[in-house]
Amino acid sequence: MLEAKGLVKSYRAPSGAAIPVLAGVDLTVPKGRLVAIMGPSGSGKSTLLNVLGLLEDADGGDVWFAGERVTGLSRRGQSRARGRFVGFVFQSFLLLPSLTALENVALAARYVGRNAGTGRRRALELLAELGVAERRDHYPAQLSGGEQQRVAFCRAVLNDPPLLLADEPTGNLDDVNGRVILDALCARARAGAAVLVVTHRADVRRDADAVFRMHDGILEPEECP
Amino acid sequence: MRRILREYVFTIVGIAIGVAGLVALGAMGERIVRFIEGGDRFVLGQISVAGRGMGMGTGFTAGGPLPAAALRAIAAVEGVSGVQAQVMLPLDPSTSQFMTLTQELVLGVDVSVPTPNRYYRTLPVHAGRYLRSDDRHVAVVGSSFAASHGLGVGSRLSLEGQSYEVVGVLERMLTAPDRFVIVPIADAREQWVAKDRMLRTILASGAVAVRAEDLNTGAAVGWADGADPDAVAQRIRERVEGVNVQIPSELSRLLRSSTAFFSALVVGIATLGLVIGGLSLANTIAAAVFERIRDFGVKRALGATDLQLGREVLSEALGVTLSGGVLGIAIAAALGMAVDGWAARSGQQLFLFSGRLLAGAVVFAVLLGAAAAAYATARVVRLSPAEAIRRGA
């Protein structure tokens, strides 16, 4: 489902010097698999996820979604590809503060041309599945961290994307809530989605089909559990 | 709309304050413009003639007496359609010469003759009635004069020791007639004699044969349809001796030069209003867009294209600026009415909330709001979604 080859990325330091972050990363995440990336802070995990999800451009290398090369697409094409293929789960949830839980989830339908009523009904189903249906009219500030992440997860999967990218999805949660989110990601993988998780949680090894370790911009496979 | 109100309440208030400033300053400018335009319209609607020399006459009748023979000579000039004798006097000669734009005047008109002024065939009466040809010792007063002197229909007014009944109050015109006391010309002639000691002395001496009909400070002269008013005025100047004739276009130019300060003030006020209100509005809208930079990053992560985001921002900016604009107008109108309520006790009106001002303020707010939103959105969408999320965090 997701394939990346030779991804290279560096940031520019205030002095003008280039700081390499990705030094030629190759990665494949097939359908129905959950792949985990672990590694120390600053090793480039989040940057890799951003590049894979077309949230920022790589300096070199290519990304394919379902066999379609997406790195060469126009800005509009990349936006369409994100909406069609990718669901994001972020560490800090990134819910829109002025929208209710239900509105936040249903928002994902708006930009892919999906019928608003259908999107809303599906959003209600997902909120119920994740156990936060009764919080649908609450604003993010009125929700706990665990509830916010569940709402964010519902938003990520509203359009049934074939690829889920989760950047430290349990980083701000306690163990119980973190487990809920990891289970939900596993369930998505079992349902056929390609799931890529960046995490520090050691117990993800139990659930992952493959684990990679990132250091100094290089991705290396760990032994599969 | 409810969501916009909820999400942008402070933005709307910020815009409202900017628009309120713009509208309030604009309304003050409109008030001055109306005053100047009213005077201009009046002088362009007639040829104003006064007697040569100096006398008690004021305003456009400043000069010496204009005898009945001169009026008859004027009426005989080719192109003249009507002549109305007038007596225009300062209500209080001791102070009014210093305040020529706001002076209170007594205007005596010969109502047996149709008013020749093309733009003011009749003066609009708000309450009561206008003068009739058989009236004596009655007055029709301007709205500001009525307010500042506490007069209404049926009130009594003392002029040069003579009691007058107020039979009418004019509508507010926001120009000179607001401060007029209009009386029958015979009464104005009596007041002239009472005010002017030298005239009394001359009349008492019998040295000059003066009849009542010779006591005019000026005349309003009309021109026939199709005639060139400047040419008719020029002919009067050439053919009638002992008169000061104001060429309408010259008088308009004179009036404009004498009100140049006020015109400059209007331009200054309007510029100030546009700059203050415009900067406040543009800054508020742009800040509101930049404040939501993280939201834009999230929306792009959800698949929003630049066009979709641009449309969304522009439609929200439209809703926000419209709401802020309407609220701002309401604030300005409320403040203006409160201030004018206070000023009305002295017969003043400081604000004029004209339709063109209000429509202009709304259009200005919406266009500027859309431009500021478009500018801010263009800046925001240049960022990658990841960068937008990072910056907004």
# chains A, B, ... in the order shown; residues from 1 in each chain; ligands from 1
call {"tool": "interface_residues", "arguments": {"of": "chain B", "to": "chain A", "cutoff": "9 Å", "atoms": "only C-alpha atoms", "output": "MDAnalysis selection string"}}
result
chainID B and resid 3 6:7 294:295 297:308 383:387 389 393
call {"tool": "write_last_selection", "arguments": {"atoms": "C-alpha atoms", "output": "PDB file, in the first residue's frame"}}
result
ATOM      1  CA  ARG B   3     -20.659  29.045  14.417  1.00  0.00           C
ATOM      2  CA  ARG B   6     -19.165  31.817  18.294  1.00  0.00           C
ATOM      3  CA  GLU B   7     -15.752  31.336  16.736  1.00  0.00           C
ATOM      4  CA  ARG B 294      -2.700  25.226  12.900  1.00  0.00           C
ATOM      5  CA  ASP B 295      -6.310  24.614  11.881  1.00  0.00           C
ATOM      6  CA  GLY B 297      -2.516  22.642   8.630  1.00  0.00           C
ATOM      7  CA  VAL B 298      -4.964  20.111  10.051  1.00  0.00           C
ATOM      8  CA  LYS B 299      -7.494  20.772   7.318  1.00  0.00           C
ATOM      9  CA  ARG B 300      -4.860  20.301   4.649  1.00  0.00           C
ATOM     10  CA  ALA B 301      -3.867  17.058   6.332  1.00  0.00           C
ATOM     11  CA  LEU B 302      -7.514  16.045   5.951  1.00  0.00           C
ATOM     12  CA  GLY B 303      -7.279  16.700   2.219  1.00  0.00           C
ATOM     13  CA  ALA B 304      -8.345  20.336   1.856  1.00  0.00           C
ATOM     14  CA  THR B 305      -6.973  21.973  -1.304  1.00  0.00           C
ATOM     15  CA  ASP B 306      -5.767  25.577  -1.439  1.00  0.00           C
ATOM     16  CA  LEU B 307      -8.934  26.501  -3.311  1.00  0.00           C
ATOM     17  CA  GLN B 308     -11.202  24.876  -0.731  1.00  0.00           C
ATOM     18  CA  LEU B 383       3.442  26.666   4.144  1.00  0.00           C
ATOM     19  CA  SER B 384       3.472  22.893   4.094  1.00  0.00           C
ATOM     20  CA  PRO B 385       0.761  21.346   6.304  1.00  0.00           C
ATOM     21  CA  ALA B 386       3.460  20.108   8.706  1.00  0.00           C
ATOM     22  CA  GLU B 387       4.980  23.583   8.989  1.00  0.00           C
ATOM     23  CA  ILE B 389       0.845  22.658  12.326  1.00  0.00           C
ATOM     24  CA  ALA B 393       1.312  24.700  18.037  1.00  0.00           C
TER      25      ALA B 393
END
call {"tool": "residues_around", "arguments": {"residues": "segment 369-380 of chain B", "least_positions_apart": "6", "cutoff": "12 Å", "atoms": "only C-alpha atoms", "output": "ChimeraX atom specification"}}
result
/B:11-12,15-16,18-19,277-297,300,306-325,361-363,386-389,391-392
call {"tool": "write_last_selection", "arguments": {"atoms": "C-alpha atoms", "output": "PDB file, in the first residue's frame"}}
result
ATOM      1  CA  THR B  11     -12.728  39.403  15.758  1.00  0.00           C
ATOM      2  CA  ILE B  12     -16.222  40.725  15.097  1.00  0.00           C
ATOM      3  CA  ILE B  15     -13.921  44.919  13.323  1.00  0.00           C
ATOM      4  CA  ALA B  16     -16.976  46.628  14.793  1.00  0.00           C
ATOM      5  CA  GLY B  18     -12.835  49.887  13.463  1.00  0.00           C
ATOM      6  CA  VAL B  19     -16.012  50.288  11.424  1.00  0.00           C
ATOM      7  CA  GLY B 277     -10.896  51.909  10.465  1.00  0.00           C
ATOM      8  CA  GLY B 278      -9.185  50.167   7.550  1.00  0.00           C
ATOM      9  CA  LEU B 279      -6.015  49.296   9.458  1.00  0.00           C
ATOM     10  CA  SER B 280      -7.987  48.066  12.431  1.00  0.00           C
ATOM     11  CA  LEU B 281     -10.206  45.926  10.233  1.00  0.00           C
ATOM     12  CA  ALA B 282      -7.445  44.512   8.021  1.00  0.00           C
ATOM     13  CA  ASN B 283      -5.244  43.786  11.006  1.00  0.00           C
ATOM     14  CA  THR B 284      -8.051  42.068  12.885  1.00  0.00           C
ATOM     15  CA  ILE B 285      -8.994  39.853   9.944  1.00  0.00           C
ATOM     16  CA  ALA B 286      -5.383  38.985   9.087  1.00  0.00           C
ATOM     17  CA  ALA B 287      -4.645  38.218  12.742  1.00  0.00           C
ATOM     18  CA  ALA B 288      -7.725  35.993  12.920  1.00  0.00           C
ATOM     19  CA  VAL B 289      -6.499  34.024   9.901  1.00  0.00           C
ATOM     20  CA  PHE B 290      -2.918  33.747  11.184  1.00  0.00           C
ATOM     21  CA  GLU B 291      -4.253  32.680  14.570  1.00  0.00           C
ATOM     22  CA  ARG B 292      -5.814  29.652  12.915  1.00  0.00           C
ATOM     23  CA  ILE B 293      -2.703  28.580  11.096  1.00  0.00           C
ATOM     24  CA  ARG B 294      -2.700  25.226  12.900  1.00  0.00           C
ATOM     25  CA  ASP B 295      -6.310  24.614  11.881  1.00  0.00           C
ATOM     26  CA  PHE B 296      -5.321  25.183   8.261  1.00  0.00           C
ATOM     27  CA  GLY B 297      -2.516  22.642   8.630  1.00  0.00           C
ATOM     28  CA  ARG B 300      -4.860  20.301   4.649  1.00  0.00           C
ATOM     29  CA  ASP B 306      -5.767  25.577  -1.439  1.00  0.00           C
ATOM     30  CA  LEU B 307      -8.934  26.501  -3.311  1.00  0.00           C
ATOM     31  CA  GLN B 308     -11.202  24.876  -0.731  1.00  0.00           C
ATOM     32  CA  LEU B 309      -9.361  26.615   2.099  1.00  0.00           C
ATOM     33  CA  GLY B 310      -9.406  29.936   0.244  1.00  0.00           C
ATOM     34  CA  ARG B 311     -13.156  29.678  -0.362  1.00  0.00           C
ATOM     35  CA  GLU B 312     -13.741  28.741   3.248  1.00  0.00           C
ATOM     36  CA  VAL B 313     -11.681  31.634   4.585  1.00  0.00           C
ATOM     37  CA  LEU B 314     -13.241  34.147   2.207  1.00  0.00           C
ATOM     38  CA  SER B 315     -16.784  33.109   3.033  1.00  0.00           C
ATOM     39  CA  GLU B 316     -16.011  33.262   6.733  1.00  0.00           C
ATOM     40  CA  ALA B 317     -14.305  36.644   6.272  1.00  0.00           C
ATOM     41  CA  LEU B 318     -17.433  37.843   4.469  1.00  0.00           C
ATOM     42  CA  GLY B 319     -19.642  36.710   7.344  1.00  0.00           C
ATOM     43  CA  VAL B 320     -17.304  38.154   9.943  1.00  0.00           C
ATOM     44  CA  THR B 321     -16.837  41.525   8.250  1.00  0.00           C
ATOM     45  CA  LEU B 322     -20.558  41.823   7.544  1.00  0.00           C
ATOM     46  CA  SER B 323     -21.380  41.053  11.172  1.00  0.00           C
ATOM     47  CA  GLY B 324     -18.628  43.394  12.391  1.00  0.00           C
ATOM     48  CA  GLY B 325     -19.685  46.047   9.897  1.00  0.00           C
ATOM     49  CA  ALA B 361     -18.762  51.540   5.022  1.00  0.00           C
ATOM     50  CA  VAL B 362     -20.194  48.049   4.553  1.00  0.00           C
ATOM     51  CA  VAL B 363     -18.723  47.676   1.057  1.00  0.00           C
ATOM     52  CA  ALA B 386       3.460  20.108   8.706  1.00  0.00           C
ATOM     53  CA  GLU B 387       4.980  23.583   8.989  1.00  0.00           C
ATOM     54  CA  ALA B 388       1.548  25.142   9.547  1.00  0.00           C
ATOM     55  CA  ILE B 389       0.845  22.658  12.326  1.00  0.00           C
ATOM     56  CA  ARG B 391       3.897  27.077  13.781  1.00  0.00           C
ATOM     57  CA  GLY B 392       0.385  26.986  15.168  1.00  0.00           C
TER      58      GLY B 392
END
call {"tool": "select_by_dssp", "arguments": {"residues": "segment 98-175 of chain A", "states": "helix (DSSP H, G or I)", "output": "PyMOL selection string"}}
result
chain A and resi 101-110+116-129+133-135+140-142+145-157+175
call {"tool": "write_last_selection", "arguments": {"atoms": "C-alpha atoms", "output": "PDB file, in the first residue's frame"}}
result
ATOM      1  CA  ALA A 101     -16.345  16.275  18.899  1.00  0.00           C
ATOM      2  CA  LEU A 102     -18.910  15.292  16.283  1.00  0.00           C
ATOM      3  CA  GLU A 103     -18.087  18.292  14.074  1.00  0.00           C
ATOM      4  CA  ASN A 104     -14.378  17.489  14.322  1.00  0.00           C
ATOM      5  CA  VAL A 105     -14.945  13.945  13.114  1.00  0.00           C
ATOM      6  CA  ALA A 106     -17.398  14.923  10.388  1.00  0.00           C
ATOM      7  CA  LEU A 107     -14.953  17.585   9.131  1.00  0.00           C
ATOM      8  CA  ALA A 108     -12.948  14.824   7.433  1.00  0.00           C
ATOM      9  CA  ALA A 109     -15.850  14.226   5.048  1.00  0.00           C
ATOM     10  CA  ARG A 110     -15.955  17.815   3.868  1.00  0.00           C
ATOM     11  CA  ALA A 116     -22.305  15.760   4.840  1.00  0.00           C
ATOM     12  CA  GLY A 117     -25.255  13.723   6.168  1.00  0.00           C
ATOM     13  CA  THR A 118     -23.522  10.435   5.406  1.00  0.00           C
ATOM     14  CA  GLY A 119     -20.329  11.696   7.010  1.00  0.00           C
ATOM     15  CA  ARG A 120     -22.205  12.755  10.114  1.00  0.00           C
ATOM     16  CA  ARG A 121     -23.939   9.391  10.466  1.00  0.00           C
ATOM     17  CA  ARG A 122     -20.660   7.541  10.057  1.00  0.00           C
ATOM     18  CA  ALA A 123     -19.017   9.900  12.572  1.00  0.00           C
ATOM     19  CA  LEU A 124     -21.707   9.047  15.139  1.00  0.00           C
ATOM     20  CA  GLU A 125     -21.131   5.307  14.566  1.00  0.00           C
ATOM     21  CA  LEU A 126     -17.384   5.701  15.049  1.00  0.00           C
ATOM     22  CA  LEU A 127     -17.779   7.795  18.199  1.00  0.00           C
ATOM     23  CA  ALA A 128     -20.045   5.058  19.571  1.00  0.00           C
ATOM     24  CA  GLU A 129     -17.510   2.359  18.660  1.00  0.00           C
ATOM     25  CA  ALA A 133     -20.732   9.027  21.628  1.00  0.00           C
ATOM     26  CA  GLU A 134     -22.125  10.742  24.699  1.00  0.00           C
ATOM     27  CA  ARG A 135     -19.395  13.376  24.356  1.00  0.00           C
ATOM     28  CA  PRO A 140     -12.130  19.546  22.797  1.00  0.00           C
ATOM     29  CA  ALA A 141     -11.382  21.640  25.873  1.00  0.00           C
ATOM     30  CA  GLN A 142     -14.186  19.786  27.655  1.00  0.00           C
ATOM     31  CA  GLY A 145      -6.783  13.549  26.670  1.00  0.00           C
ATOM     32  CA  GLY A 146      -7.960   9.982  26.128  1.00  0.00           C
ATOM     33  CA  GLU A 147     -11.316  11.179  24.832  1.00  0.00           C
ATOM     34  CA  GLN A 148      -9.679  13.702  22.542  1.00  0.00           C
ATOM     35  CA  GLN A 149      -7.443  11.051  21.021  1.00  0.00           C
ATOM     36  CA  ARG A 150     -10.409   8.749  20.473  1.00  0.00           C
ATOM     37  CA  VAL A 151     -12.208  11.573  18.677  1.00  0.00           C
ATOM     38  CA  ALA A 152      -9.054  12.247  16.640  1.00  0.00           C
ATOM     39  CA  PHE A 153      -8.870   8.567  15.755  1.00  0.00           C
ATOM     40  CA  CYS A 154     -12.504   8.634  14.587  1.00  0.00           C
ATOM     41  CA  ARG A 155     -11.666  11.613  12.373  1.00  0.00           C
ATOM     42  CA  ALA A 156      -8.655   9.769  10.924  1.00  0.00           C
ATOM     43  CA  VAL A 157     -10.714   6.737   9.915  1.00  0.00           C
ATOM     44  CA  ASP A 175      -1.564   3.278  29.717  1.00  0.00           C
TER      45      ASP A 175
END
call {"tool": "closest_residue", "arguments": {"among": "B:Ala76, B:Val49, B:Leu151, B:Val43", "to": "Gly242 of chain B", "atoms": "only C-alpha atoms"}}
result
B:Val49
call {"tool": "residues_around", "arguments": {"residues": "segment 216-224 of chain B", "least_positions_apart": "2", "cutoff": "6 Å", "atoms": "only C-alpha atoms", "output": "list of chain:residue names"}}
result
B:Gln46, B:Ile47, B:Ser48, B:Val49, B:Ala50, B:Gly57, B:Thr61, B:Pro65, B:Leu66, B:Gly79, B:Val80, B:Ser81, B:Gly82, B:Val83, B:Gln84, B:Ala85, B:Gln86, B:Val87, B:Pro116, B:Asp214, B:Ala227
call {"tool": "atom_distance", "arguments": {"atom1": "atom CA of Val125 of chain B", "atom2": "atom CA of Gln162 of chain B"}}
result
23.7 Å
call {"tool": "residues_around", "arguments": {"residues": "Arg356 of chain B", "least_positions_apart": "3", "cutoff": "12 Å", "atoms": "only C-alpha atoms", "output": "short mmCIF file (atom, residue, chain, number, x, y, z; two decimals) with N, CA and C atoms, in the first residue's frame"}}
result
data_model
loop_
_atom_site.label_atom_id
_atom_site.label_comp_id
_atom_site.auth_asym_id
_atom_site.auth_seq_id
_atom_site.Cartn_x
_atom_site.Cartn_y
_atom_site.Cartn_z
N VAL B 23 -17.28 54.95 10.50
CA VAL B 23 -18.63 55.48 10.24
C VAL B 23 -18.85 56.79 11.01
N GLY B 26 -16.91 59.42 9.32
CA GLY B 26 -17.57 59.66 8.04
C GLY B 26 -18.85 60.46 8.21
N ALA B 27 -19.60 60.16 9.27
CA ALA B 27 -20.86 60.86 9.51
C ALA B 27 -20.62 62.33 9.84
N GLU B 30 -19.89 63.82 6.49
CA GLU B 30 -21.12 63.95 5.72
C GLU B 30 -21.92 65.18 6.17
N LEU B 352 -24.21 62.93 10.40
CA LEU B 352 -25.22 62.64 9.38
C LEU B 352 -24.93 61.24 8.84
N PHE B 353 -25.76 60.27 9.23
CA PHE B 353 -25.56 58.89 8.80
C PHE B 353 -26.32 58.67 7.49
N ALA B 359 -23.72 52.43 3.27
CA ALA B 359 -23.45 51.43 2.23
C ALA B 359 -21.96 51.38 1.92
N GLY B 360 -21.34 52.57 1.85
CA GLY B 360 -19.91 52.64 1.57
C GLY B 360 -19.09 51.95 2.65
N ALA B 361 -19.51 52.14 3.90
CA ALA B 361 -18.76 51.54 5.02
C ALA B 361 -18.84 50.02 4.95
N VAL B 362 -20.03 49.51 4.63
CA VAL B 362 -20.19 48.05 4.55
C VAL B 362 -19.37 47.49 3.39
N VAL B 363 -19.48 48.15 2.23
CA VAL B 363 -18.72 47.68 1.06
C VAL B 363 -17.22 47.74 1.34
N PHE B 364 -16.79 48.85 1.92
CA PHE B 364 -15.38 49.03 2.26
C PHE B 364 -14.92 47.93 3.21
#
call {"tool": "atom_distance", "arguments": {"atom1": "atom CA of Met337 of chain B", "atom2": "atom CA of Val153 of chain B"}}
result
24.6 Å
call {"tool": "residues_around", "arguments": {"residues": "Val141 of chain B", "least_positions_apart": "6", "cutoff": "6 Å", "atoms": "only C-alpha atoms", "output": "list in words"}}
result
Val169, Phe180 and Val181 of chain B
